[in-house]
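Asker: Dumping the structure here so I can ask a few things about it.
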Amino acid sequence: MSKSKFFHKNCIFLFKLQKYFAIHEKEKSKTVDEVNKMSKIVTEIVEANKKYAANFGDRGNLALPPARGFAILICMDARLDPAQYAGLAEGNADVIRNAGGRASDDAIRSLVISHKLLGTNEWFVIHHTDCGMELFTSDIISGLL
């Protein structure tokens, strides 16, 4: 299976999962408008993925290890674009994102895999100003879980 078909198939799978949960979950907090909005977003993502997969070209032949030999751990803040501020293209670096760019157990696991299995030799942990994680405490987050 070509990598572009792989990306497209995964996006379709996610779309089907989203539809399933939207239809079958008995969550009363979701209104019909919210479900329709989710469906619109999923449709937009599927369309964008089709274009991306169609234009993927030779990037499917990139080596698995990051070409520039480093990894970045960064906040998941949607305002940040690691490719833009670090001058990255596909295949350059492993980018690990989570809330606050914290070295959580899962982030450390990803960094160890990046180093031990993919050969990265440098890691950057990048925080930013006006981070949403500054707005609440760990106790609040624990209560949400």
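By convention in this document, the chains of the structure tokens carry letters A, B, ... by their order, each chain's residues are numbered from 1, and ligands are numbered from 1 in the order they are shown.
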Excluding Gly91 (chain A) and any residue of its chain fewer than 5 positions from it, enumerate the residues within 9 Å of it, using only C-alpha atoms, and give them as a list in words.
Answerer: Arg59, Leu62, Ala63, Leu64, Pro65, Pro66, Ala67 and Arg68 of chain A
Asker: Can you pull out every residue within 12 Å of Asp77 (chain A), counting only C-alpha atoms, but drop anything in the same chain fewer than 2 positions away, and send it as an MDAnalysis selection string?
Answerer: chainID A and resid 74:75 79:82 97:101 126:133
Asker: Take the selection from the previous step and output its residues with C-alpha atoms, as a short mmCIF file (atom, residue, chain, number, x, y, z; two decimals), in the first residue's frame.
Answerer:
```
data_model
loop_
_atom_site.label_atom_id
_atom_site.label_comp_id
_atom_site.auth_asym_id
_atom_site.auth_seq_id
_atom_site.Cartn_x
_atom_site.Cartn_y
_atom_site.Cartn_z
CA ILE A 74 6.96 21.42 22.73
CA CYS A 75 3.58 22.54 23.98
CA ARG A 79 -0.71 28.92 17.98
CA LEU A 80 2.74 27.33 17.72
CA ASP A 81 4.07 25.83 14.50
CA PRO A 82 7.33 23.96 15.16
CA ARG A 97 3.79 17.72 21.68
CA ASN A 98 1.83 17.75 24.89
CA ALA A 99 0.17 20.22 27.23
CA GLY A 100 2.85 22.60 28.43
CA GLY A 101 5.72 20.85 26.65
CA ILE A 126 10.72 24.47 24.31
CA HIS A 127 8.30 26.46 26.44
CA HIS A 128 6.58 29.67 25.43
CA THR A 129 5.01 32.76 26.88
CA ASP A 130 1.28 32.99 27.54
CA CYS A 131 0.98 29.20 27.90
CA GLY A 132 -2.50 28.00 28.83
CA MET A 133 -0.97 25.60 31.35
#
```
Asker: Mind giving me the straight-line distance from CA of Ala71 (chain A) to CA of Leu135 (chain A) in Å, one decimal?
Answerer: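 Going from CA of Ala71 (chain A) over to CA of Leu135 (chain A), I get 27.1 Å.
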Asker: Determine the nearest neighbour of Ser110 (chain A) from the options A:Leu145, A:Leu73, A:Ala48, A:Ala89, counting only C-alpha atoms.
Answerer: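 Answer, going by the shortest atom-to-atom distance: A:Leu73.
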